[in-house]
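See below for start.txt, which holds compact mmCIF, C-alpha atoms and all ligand atoms.
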# COMPACT_ATOMS: atom_id res chain seq x y z
CA MET B 1 -5.44 -5.09 13.97
CA ARG B 2 -2.98 -6.57 11.48
CA ILE B 3 -4.04 -5.77 7.94
CA VAL B 4 -2.71 -6.23 4.42
CA LEU B 5 -3.88 -3.71 1.79
CA LEU B 6 -4.11 -5.29 -1.64
CA GLY B 7 -4.98 -3.76 -4.98
CA PRO B 8 -3.63 -2.52 -8.29
CA PRO B 9 -1.39 0.55 -8.54
CA GLY B 10 -3.46 3.65 -7.82
CA ALA B 11 -6.32 1.76 -6.16
CA GLY B 12 -6.03 4.23 -3.28
CA LYS B 13 -4.17 1.97 -0.80
CA GLY B 14 -1.95 4.77 0.55
CA THR B 15 -4.85 7.23 0.78
CA LEU B 16 -7.06 4.75 2.65
CA ALA B 17 -4.16 3.69 4.89
CA ASN B 18 -3.72 7.30 6.01
CA LEU B 19 -7.40 7.54 6.94
CA ILE B 20 -7.28 4.22 8.86
CA LYS B 21 -4.12 5.40 10.61
CA GLY B 22 -5.90 8.62 11.65
CA LYS B 23 -8.91 6.77 13.01
CA PHE B 24 -7.37 3.66 14.59
CA ALA B 25 -3.85 4.94 15.37
CA ILE B 26 -2.06 1.95 13.85
CA PRO B 27 1.21 2.31 11.90
CA HIS B 28 1.24 2.28 8.09
CA ILE B 29 4.12 0.28 6.61
CA SER B 30 4.41 0.99 2.86
CA THR B 31 7.16 -0.82 0.97
CA GLY B 32 6.87 1.76 -1.85
CA ASP B 33 7.52 4.60 0.65
CA ILE B 34 10.44 2.70 2.24
CA LEU B 35 12.03 2.14 -1.18
CA ARG B 36 11.53 5.79 -2.24
CA GLU B 37 13.16 6.98 1.02
CA GLU B 38 16.19 4.78 0.27
CA MET B 39 16.35 6.20 -3.27
CA LYS B 40 16.07 9.78 -1.98
CA ALA B 41 18.90 9.14 0.52
CA GLU B 42 20.99 7.61 -2.31
CA SER B 43 21.88 4.72 0.01
CA ALA B 44 23.52 1.55 -1.36
CA LEU B 45 20.09 -0.10 -1.29
CA GLY B 46 18.51 2.94 -2.95
CA LYS B 47 20.99 2.77 -5.85
CA LYS B 48 20.42 -0.97 -6.24
CA ILE B 49 16.62 -0.73 -6.48
CA LYS B 50 16.19 2.55 -8.46
CA GLY B 51 16.10 0.84 -11.87
CA TYR B 52 13.40 -1.60 -10.79
CA VAL B 53 11.14 0.99 -9.15
CA GLU B 54 11.39 3.64 -11.87
CA SER B 55 10.69 1.14 -14.66
CA GLY B 56 7.67 -0.35 -12.87
CA ALA B 57 9.30 -3.76 -12.27
CA LEU B 58 9.23 -5.53 -8.91
CA VAL B 59 12.24 -5.33 -6.61
CA PRO B 60 13.56 -8.91 -6.11
CA ASP B 61 11.72 -10.90 -3.43
CA GLU B 62 14.80 -11.54 -1.27
CA ILE B 63 15.49 -7.79 -0.89
CA ILE B 64 11.93 -6.82 -0.02
CA ILE B 65 11.31 -9.79 2.31
CA GLN B 66 14.44 -8.88 4.28
CA ILE B 67 13.25 -5.26 4.63
CA ILE B 68 9.86 -6.38 5.97
CA GLU B 69 11.34 -9.03 8.27
CA ASN B 70 13.57 -6.36 9.82
CA ARG B 71 10.64 -3.93 10.24
CA LEU B 72 8.42 -6.51 11.91
CA THR B 73 10.97 -8.12 14.21
CA GLU B 74 13.41 -5.33 15.14
CA LYS B 75 13.41 -3.74 18.60
CA GLY B 76 10.49 -1.32 18.81
CA ALA B 77 8.58 -3.07 15.98
CA PRO B 78 4.80 -2.51 16.18
CA ARG B 79 3.17 -5.22 18.28
CA GLU B 80 -0.41 -4.00 18.65
CA GLY B 81 -1.13 -3.83 14.94
CA TYR B 82 -0.18 -2.35 11.59
CA MET B 83 -1.18 -2.04 7.95
CA LEU B 84 1.07 -3.47 5.27
CA ASP B 85 0.66 -1.50 2.03
CA GLY B 86 2.33 -2.85 -1.13
CA PHE B 87 3.51 -6.04 0.57
CA PRO B 88 3.10 -8.92 -0.14
CA ARG B 89 3.10 -8.60 -3.93
CA THR B 90 4.05 -12.14 -4.97
CA THR B 91 3.11 -15.58 -3.67
CA ALA B 92 6.71 -16.01 -2.43
CA GLN B 93 6.34 -12.80 -0.39
CA ALA B 94 2.97 -13.91 1.02
CA THR B 95 4.32 -17.28 2.19
CA ALA B 96 7.46 -15.63 3.61
CA LEU B 97 5.27 -13.15 5.50
CA ASP B 98 3.20 -15.95 7.02
CA ALA B 99 6.39 -17.73 8.10
CA ILE B 100 7.79 -14.55 9.74
CA LEU B 101 4.50 -13.85 11.54
CA LYS B 102 4.14 -17.45 12.67
CA LYS B 103 7.52 -17.18 14.41
CA ILE B 104 6.36 -14.12 16.36
CA GLY B 105 2.79 -15.37 16.87
CA GLN B 106 1.12 -12.47 15.02
CA PRO B 107 -0.90 -13.75 12.05
CA ILE B 108 -2.50 -11.34 9.55
CA GLU B 109 -6.17 -10.82 10.43
CA SER B 110 -7.57 -9.30 7.20
CA ALA B 111 -6.47 -8.69 3.62
CA ILE B 112 -8.44 -5.76 2.21
CA TYR B 113 -8.65 -6.02 -1.57
CA MET B 114 -9.47 -2.74 -3.33
CA GLU B 115 -10.93 -3.59 -6.72
CA THR B 116 -10.54 -0.77 -9.31
CA THR B 117 -10.91 -0.34 -13.07
CA LEU B 118 -8.03 0.46 -15.48
CA PRO B 119 -9.36 3.88 -16.66
CA MET B 120 -9.72 4.91 -12.99
CA ILE B 121 -6.16 3.76 -12.27
CA VAL B 122 -4.69 5.73 -15.19
CA SER B 123 -6.62 8.87 -14.26
CA ARG B 124 -5.66 8.62 -10.57
CA LEU B 125 -1.99 7.97 -11.20
CA THR B 126 -1.37 10.49 -13.98
CA GLY B 127 -3.02 13.17 -11.78
CA ARG B 128 -1.22 12.23 -8.55
CA ARG B 129 1.18 14.74 -7.00
CA VAL B 130 3.26 14.06 -3.88
CA CYS B 131 4.87 16.47 -1.41
CA ARG B 132 8.66 16.28 -1.59
CA GLU B 133 8.96 17.16 2.11
CA CYS B 134 6.22 15.31 4.04
CA GLY B 135 5.02 12.76 1.44
CA ALA B 136 1.37 13.94 1.52
CA VAL B 137 -0.53 12.71 -1.54
CA PHE B 138 -2.73 14.97 -3.70
CA HIS B 139 -4.56 14.66 -6.98
CA MET B 140 -4.69 17.52 -9.47
CA THR B 141 -8.49 17.31 -9.84
CA ASN B 142 -9.82 14.87 -7.18
CA ARG B 143 -7.84 16.19 -4.21
CA PRO B 144 -5.93 19.31 -5.20
CA SER B 145 -3.78 21.22 -2.74
CA LYS B 146 -5.46 24.48 -1.74
CA LYS B 147 -2.12 26.16 -2.35
CA GLY B 148 -1.60 25.08 -5.98
CA ASN B 149 1.82 23.53 -6.56
CA VAL B 150 2.84 23.44 -2.90
CA CYS B 151 1.70 21.21 -0.04
CA ASP B 152 -1.30 22.32 2.04
CA SER B 153 0.28 21.32 5.32
CA CYS B 154 4.04 22.00 5.01
CA ASP B 155 4.47 24.21 1.89
CA GLY B 156 6.77 21.57 0.36
CA GLU B 157 7.07 21.34 -3.42
CA LEU B 158 4.68 18.89 -5.13
CA TYR B 159 6.17 16.51 -7.68
CA GLN B 160 5.08 13.70 -9.97
CA ARG B 161 6.53 10.25 -9.22
CA ALA B 162 8.92 8.97 -11.91
CA ASP B 163 6.75 5.84 -12.33
CA ASP B 164 3.48 7.79 -12.73
CA ASN B 165 3.62 8.18 -16.52
CA GLU B 166 1.21 6.29 -18.76
CA GLU B 167 3.79 3.85 -20.17
CA THR B 168 5.13 2.82 -16.75
CA ILE B 169 1.61 2.65 -15.29
CA ARG B 170 0.72 0.06 -17.98
CA LYS B 171 3.88 -1.91 -17.14
CA ARG B 172 3.02 -1.79 -13.40
CA MET B 173 -0.49 -2.98 -14.21
CA ASP B 174 0.91 -5.94 -16.24
CA VAL B 175 3.23 -6.83 -13.37
CA TYR B 176 0.29 -6.59 -10.96
CA LEU B 177 -1.89 -8.90 -13.09
CA THR B 178 0.85 -11.50 -13.49
CA SER B 179 2.55 -11.49 -10.09
CA THR B 180 0.17 -10.01 -7.54
CA THR B 181 -3.35 -11.21 -8.41
CA PRO B 182 -2.61 -14.83 -7.26
CA ILE B 183 -2.37 -13.42 -3.73
CA ILE B 184 -6.07 -12.56 -3.81
CA GLU B 185 -6.83 -16.28 -3.97
CA TYR B 186 -4.13 -16.98 -1.38
CA TYR B 187 -5.98 -14.86 1.22
CA GLN B 188 -9.39 -16.04 0.02
CA LYS B 189 -8.34 -19.63 0.82
CA GLN B 190 -7.31 -18.47 4.29
CA GLU B 191 -10.77 -16.80 4.65
CA LYS B 192 -9.13 -13.46 5.33
CA LEU B 193 -10.08 -11.60 2.14
CA LEU B 194 -12.34 -8.56 2.40
CA LYS B 195 -13.25 -7.16 -1.02
CA VAL B 196 -14.16 -3.45 -1.30
CA ASP B 197 -14.99 -1.17 -4.23
CA GLY B 198 -11.85 0.95 -4.76
CA ASN B 199 -13.76 3.30 -7.09
CA LYS B 200 -15.67 4.70 -4.12
CA GLU B 201 -14.67 7.75 -2.08
CA SER B 202 -11.96 6.82 0.45
CA GLU B 203 -14.01 8.33 3.32
CA ASP B 204 -16.93 5.98 2.45
CA LEU B 205 -14.55 3.02 2.40
CA LEU B 206 -13.22 4.03 5.81
CA GLN B 207 -16.78 4.02 7.16
CA GLU B 208 -17.48 0.57 5.64
CA LEU B 209 -14.30 -0.84 7.12
CA SER B 210 -14.87 0.74 10.53
CA ASP B 211 -18.28 -0.97 10.67
CA GLU B 212 -16.67 -4.28 9.67
CA PHE B 213 -13.86 -3.98 12.27
CA ASN B 214 -16.34 -3.05 14.99
CA GLU B 215 -18.60 -6.02 14.11
CA ASN B 216 -15.57 -8.35 14.24
CA LYS B 217 -14.56 -6.95 17.62
CA ALA B 218 -18.10 -7.46 18.93
CA ALA B 219 -18.18 -11.05 17.53
CA HIS B 220 -14.90 -11.84 19.33
CA ARG B 221 -16.33 -10.49 22.60
CA ASP B 222 -19.48 -12.71 22.34
P1 LIG J 301 4.05 1.43 -4.48
O1 LIG J 301 4.45 2.75 -4.01
O2 LIG J 301 3.52 0.43 -3.52
O3 LIG J 301 3.04 1.64 -5.70
P2 LIG J 301 1.67 0.96 -6.11
O4 LIG J 301 1.29 -0.33 -5.50
O5 LIG J 301 1.76 0.98 -7.58
O6 LIG J 301 0.63 1.85 -5.46
P3 LIG J 301 0.57 3.37 -5.55
O7 LIG J 301 1.37 4.02 -4.48
O8 LIG J 301 0.89 3.83 -6.96
O9 LIG J 301 -0.99 3.63 -5.39
P4 LIG J 301 -1.96 3.59 -4.15
O10 LIG J 301 -2.88 2.43 -4.31
O11 LIG J 301 -1.26 3.75 -2.85
O12 LIG J 301 -2.80 4.91 -4.50
P5 LIG J 301 -2.85 6.33 -3.78
O13 LIG J 301 -3.56 6.21 -2.47
O14 LIG J 301 -1.53 7.04 -3.80
O15 LIG J 301 5.27 0.71 -5.23
C1 LIG J 301 6.08 1.40 -6.17
C2 LIG J 301 7.16 0.45 -6.71
O16 LIG J 301 8.00 -0.01 -5.61
C3 LIG J 301 6.68 -0.83 -7.38
O17 LIG J 301 6.33 -0.63 -8.74
C4 LIG J 301 7.91 -1.74 -7.20
O18 LIG J 301 8.92 -1.41 -8.12
C5 LIG J 301 8.40 -1.37 -5.81
N1 LIG J 301 7.81 -2.22 -4.75
C6 LIG J 301 7.00 -1.80 -3.73
N2 LIG J 301 6.63 -2.83 -2.96
C7 LIG J 301 7.21 -3.95 -3.49
C8 LIG J 301 7.16 -5.34 -3.17
N3 LIG J 301 6.45 -5.80 -2.13
N4 LIG J 301 7.87 -6.20 -3.95
C9 LIG J 301 8.60 -5.76 -4.98
N5 LIG J 301 8.67 -4.47 -5.37
C10 LIG J 301 7.97 -3.55 -4.64
O19 LIG J 301 -3.88 7.07 -4.79
C11 LIG J 301 -3.50 7.36 -6.13
C12 LIG J 301 -4.10 8.74 -6.54
O20 LIG J 301 -5.52 8.66 -6.54
C13 LIG J 301 -3.75 9.88 -5.58
O21 LIG J 301 -3.54 11.03 -6.32
C14 LIG J 301 -5.00 10.03 -4.68
O22 LIG J 301 -5.18 11.35 -4.24
C15 LIG J 301 -6.11 9.58 -5.62
N6 LIG J 301 -7.15 8.83 -4.92
C16 LIG J 301 -6.94 7.78 -4.08
N7 LIG J 301 -8.11 7.28 -3.64
C17 LIG J 301 -9.08 8.04 -4.25
C18 LIG J 301 -10.50 7.98 -4.22
N8 LIG J 301 -11.17 7.09 -3.50
N9 LIG J 301 -11.19 8.88 -4.98
C19 LIG J 301 -10.53 9.78 -5.73
N10 LIG J 301 -9.18 9.88 -5.82
C20 LIG J 301 -8.46 9.01 -5.08
Render the structure in this file as structure tokens.
Ligand code: AP5
Amino acid sequence: MRIVLLGPPGAGKGTLANLIKGKFAIPHISTGDILREEMKAESALGKKIKGYVESGALVPDEIIIQIIENRLTEKGAPREGYMLDGFPRTTAQATALDAILKKIGQPIESAIYMETTLPMIVSRLTGRRVCRECGAVFHMTNRPSKKGNVCDSCDGELYQRADDNEETIRKRMDVYLTSTTPIIEYYQKQEKLLKVDGNKESEDLLQELSDEFNENKAAHRD
């Protein structure tokens, strides 16, 4: 299963990806997580990209395409399947991804587009809290940690991402509308787009997608 998760900031891509990973045991490759790890490690790349990420702008295509090309072609890269979350985000990234995957004979099978409304996005992102240690994602009202300000599973401190303030969320939304929405049509033309209602509970979406994947598998067997 090779999947792209598409949708505006806060659509629930990371949350759904974790559920899919739990059920289908396929790796979750999130460009946002990769970039935040580089920033946390204060690597040369981390220092170069910090300004873009924290202001809600996109990291330049050539940097992000190189990161993904390395991940998908290096020794030990996932072969059986994976979910790409947060990539591609521009038409240039989508065409570069197709070119990389063509070389290794692994085309994307589905692009899952999580449609969500702006008030939902703002409420989800302003309430999001992330564990500093294990990266688990919570929401102050929708999915609070049972332990208050520390992580349920590892007791790590919960923090608010630097780009999860209302002003930067609006900037990220503008960037999404201008640069990322053309990709919806890109995958529609390839007949790979699967539109789902991102306002629903993630567990219900997982069930919908599981049914869809199982039907596809059955159709390929027939
Ligand atoms: P990235 O980390 O990818 O951010 P994003 O796309 O804005 O997505 P988010 O992580 O904010 O949201 P999500 O959809 O995963 O929602 P989540 O599941 O956490 O990118 C950050 C930055 O990195 C970019 O701005 C850019 O600078 C850079 N970057 C990354 N990729 C790049 C690329 N390809 N090119 C260039 N630059 C790039 O859910 C949000 C909250 O809602 C959580 O609190 C969660 O608990 C809650 N929630 C989720 N689903 C539900 C639900 N169904 N019901 C109730 N609550 C829910």
Protein and nucleic residues near ligand LIG 301 (chain J), 7 Å, all atoms listed in the file, as a ChimeraX atom specification: /B:7-16,30-33,35,52-54,56-61,64,85-89,124-125,127-129,137-139,142-143,172,198-202
Any chance you can output those residues with C-alpha atoms as a PDB file, in the coordinates of the input?
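Saved as out-v6.pdb:
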ATOM      1  CA  GLY B   7      -4.980  -3.760  -4.980  1.00  0.00           C
ATOM      2  CA  PRO B   8      -3.630  -2.520  -8.290  1.00  0.00           C
ATOM      3  CA  PRO B   9      -1.390   0.550  -8.540  1.00  0.00           C
ATOM      4  CA  GLY B  10      -3.460   3.650  -7.820  1.00  0.00           C
ATOM      5  CA  ALA B  11      -6.320   1.760  -6.160  1.00  0.00           C
ATOM      6  CA  GLY B  12      -6.030   4.230  -3.280  1.00  0.00           C
ATOM      7  CA  LYS B  13      -4.170   1.970  -0.800  1.00  0.00           C
ATOM      8  CA  GLY B  14      -1.950   4.770   0.550  1.00  0.00           C
ATOM      9  CA  THR B  15      -4.850   7.230   0.780  1.00  0.00           C
ATOM     10  CA  LEU B  16      -7.060   4.750   2.650  1.00  0.00           C
ATOM     11  CA  SER B  30       4.410   0.990   2.860  1.00  0.00           C
ATOM     12  CA  THR B  31       7.160  -0.820   0.970  1.00  0.00           C
ATOM     13  CA  GLY B  32       6.870   1.760  -1.850  1.00  0.00           C
ATOM     14  CA  ASP B  33       7.520   4.600   0.650  1.00  0.00           C
ATOM     15  CA  LEU B  35      12.030   2.140  -1.180  1.00  0.00           C
ATOM     16  CA  TYR B  52      13.400  -1.600 -10.790  1.00  0.00           C
ATOM     17  CA  VAL B  53      11.140   0.990  -9.150  1.00  0.00           C
ATOM     18  CA  GLU B  54      11.390   3.640 -11.870  1.00  0.00           C
ATOM     19  CA  GLY B  56       7.670  -0.350 -12.870  1.00  0.00           C
ATOM     20  CA  ALA B  57       9.300  -3.760 -12.270  1.00  0.00           C
ATOM     21  CA  LEU B  58       9.230  -5.530  -8.910  1.00  0.00           C
ATOM     22  CA  VAL B  59      12.240  -5.330  -6.610  1.00  0.00           C
ATOM     23  CA  PRO B  60      13.560  -8.910  -6.110  1.00  0.00           C
ATOM     24  CA  ASP B  61      11.720 -10.900  -3.430  1.00  0.00           C
ATOM     25  CA  ILE B  64      11.930  -6.820  -0.020  1.00  0.00           C
ATOM     26  CA  ASP B  85       0.660  -1.500   2.030  1.00  0.00           C
ATOM     27  CA  GLY B  86       2.330  -2.850  -1.130  1.00  0.00           C
ATOM     28  CA  PHE B  87       3.510  -6.040   0.570  1.00  0.00           C
ATOM     29  CA  PRO B  88       3.100  -8.920  -0.140  1.00  0.00           C
ATOM     30  CA  ARG B  89       3.100  -8.600  -3.930  1.00  0.00           C
ATOM     31  CA  ARG B 124      -5.660   8.620 -10.570  1.00  0.00           C
ATOM     32  CA  LEU B 125      -1.990   7.970 -11.200  1.00  0.00           C
ATOM     33  CA  GLY B 127      -3.020  13.170 -11.780  1.00  0.00           C
ATOM     34  CA  ARG B 128      -1.220  12.230  -8.550  1.00  0.00           C
ATOM     35  CA  ARG B 129       1.180  14.740  -7.000  1.00  0.00           C
ATOM     36  CA  VAL B 137      -0.530  12.710  -1.540  1.00  0.00           C
ATOM     37  CA  PHE B 138      -2.730  14.970  -3.700  1.00  0.00           C
ATOM     38  CA  HIS B 139      -4.560  14.660  -6.980  1.00  0.00           C
ATOM     39  CA  ASN B 142      -9.820  14.870  -7.180  1.00  0.00           C
ATOM     40  CA  ARG B 143      -7.840  16.190  -4.210  1.00  0.00           C
ATOM     41  CA  ARG B 172       3.020  -1.790 -13.400  1.00  0.00           C
ATOM     42  CA  GLY B 198     -11.850   0.950  -4.760  1.00  0.00           C
ATOM     43  CA  ASN B 199     -13.760   3.300  -7.090  1.00  0.00           C
ATOM     44  CA  LYS B 200     -15.670   4.700  -4.120  1.00  0.00           C
ATOM     45  CA  GLU B 201     -14.670   7.750  -2.080  1.00  0.00           C
ATOM     46  CA  SER B 202     -11.960   6.820   0.450  1.00  0.00           C
TER      47      SER B 202
END
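The closest residue to B:Tyr82, picked from B:Arg132, B:Lys102, B:Arg2, B:Arg36 and counting all atoms listed in the file, is B:Arg2.
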Å distance separating atom CA of B:Glu166 from atom CA of B:Thr178, one decimal place: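 Atom-to-atom, atom CA of B:Glu166 to atom CA of B:Thr178, that is 18.6 Å.
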Counting only C-alpha atoms, the option among B:Asn18, B:Glu80, B:Ser55, B:Thr73 closest to B:Asp164: B:Ser55
Distance of atom CA of B:Ile65 from atom CA of B:Gly51, expressed in Å to one decimal place: 18.4 Å
Given only C-alpha atoms as the counted atoms, nearest of B:Gly76, B:Glu42, B:Asn149, B:Ile49 to B:Ile63: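 Among the listed residues, the smallest separation from B:Ile63 belongs to B:Ile49.
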Pick from B:Met83, B:Ile68, B:Glu62, B:Thr117, whichever lies nearest to B:Ala25 using only C-alpha atoms: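 Going through B:Met83, B:Ile68, B:Glu62, B:Thr117 one by one, the smallest distance to B:Ala25 is for B:Met83.
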Separation of atom CA of B:Gly148 from atom CA of B:Ala136, in Å and rounded to one decimal: 13.8 Å
Test item: residues at most 8 Å from B:Ala111, all atoms listed in the file, excluding those fewer than 5 positions along its chain, as number ranges by chain: B: 3-6, 187, 192-194
Assuming 3 Å of padding per side, give the centre and edge lengths of the axis-aligned box around every listed atom of stretch 42-51 of chain B, in Å to one decimal and as AutoDock Vina command-line options.
--center_x 19.8 --center_y 3.3 --center_z -5.9 --size_x 13.4 --size_y 14.6 --size_z 17.9
